[in-house]
Amino acid sequence: MKNISILGISGSLRADSTNTLLLKTLADFLPGHVRFQLFEGLDEIPHFSPGIPDHGGVIRFKQAIQMADGVIICTPEYAFGVPGTLKNALDWTVATGDLNDKPVAAISASPLNTGGDKALASLLLTLTALGTKRNDESSLAIPNIKLKINSLQKISDEPTIAALKAQCTNLLKIIG
């Protein structure tokens, strides 16, 4: 089996983010030949402007994407959309096509009953514009996320665990 590299990108900057927790949980479901890296530094990426050359955080972000065989993005919903820092980072990849044909899974998680469905829809629209490789099973909205985490800060809801495992399996299938 060939070694595979998966990059996790959390749309939340909070230290106690449930979206980051979900990504860390996903890493536990990946087989031994898969290396998982959580991107840190989304807050170091400057505001996107086509006239500004890539530097610092932008270069690190693009290199992490380029080196990955697949990407998993997990985001909260802010004002019915993706957080500005996540959208900003993704905008930096438009001109260089770093996500074009890259296998990607998209997850939203929310304490609300909707599961961040509007953020997920917005993210999927952006990922379509970026030319990512996905299928009908490449996305997941997780409602009531706070009720699915135990006192040890672990995902304890079996249907959520099964859905996360299915995302991992699907992404690996797309990677091939």
# chains A, B, ... in the order shown; residues from 1 in each chain; ligands from 1

$ residues_around --residues "Ala27 of chain A" --least-positions-apart "3" --cutoff "6 Å" --atoms "only C-alpha atoms" --output "compact mmCIF listing (two decimals) with N, CA and C atoms, in the first residue's frame"
# COMPACT_ATOMS: atom_id res chain seq x y z
N LYS A 24 -9.41 15.94 14.63
CA LYS A 24 -8.50 15.10 15.41
C LYS A 24 -9.09 13.70 15.60
N LEU A 30 -8.21 6.70 10.46
CA LEU A 30 -7.46 6.46 9.23
C LEU A 30 -6.52 5.28 9.41
N PHE A 36 -1.89 11.95 8.78
CA PHE A 36 -2.82 13.07 8.92
C PHE A 36 -2.08 14.25 9.52

$ residues_around --residues "His33 of chain A" --least-positions-apart "4" --cutoff "10 Å" --atoms "only C-alpha atoms" --output "JSON, numbers by chain"
{"A": [1, 2, 3, 4, 5]}

$ select_by_dssp --residues "segment 40-153 of chain A" --states "helix (DSSP H, G or I)" --output "PyMOL selection string"
chain A and resi 42-44+57-67+84-91+117-129+145-148

$ residues_around --residues "Thr18 of chain A" --least-positions-apart "4" --cutoff "12 Å" --atoms "only C-alpha atoms" --output "JSON, numbers by chain"
{"A": [10, 11, 12, 13, 14, 22, 23, 24, 25, 74, 75, 76, 77, 107, 108, 109, 110, 111, 142, 143, 144, 145, 146, 147, 148, 149, 150, 153, 154, 155]}

$ select_by_dssp --residues "segment 24-140 of chain A" --states "strand (DSSP E)" --output "list in words"
Val34, Arg35, Phe36, Gln37, Leu38, Gly70, Val71, Ile72, Ile73, Cys74, Thr75, Val104, Ala105, Ala106, Ile107, Ser108, Ala109, Ser139 and Leu140 of chain A
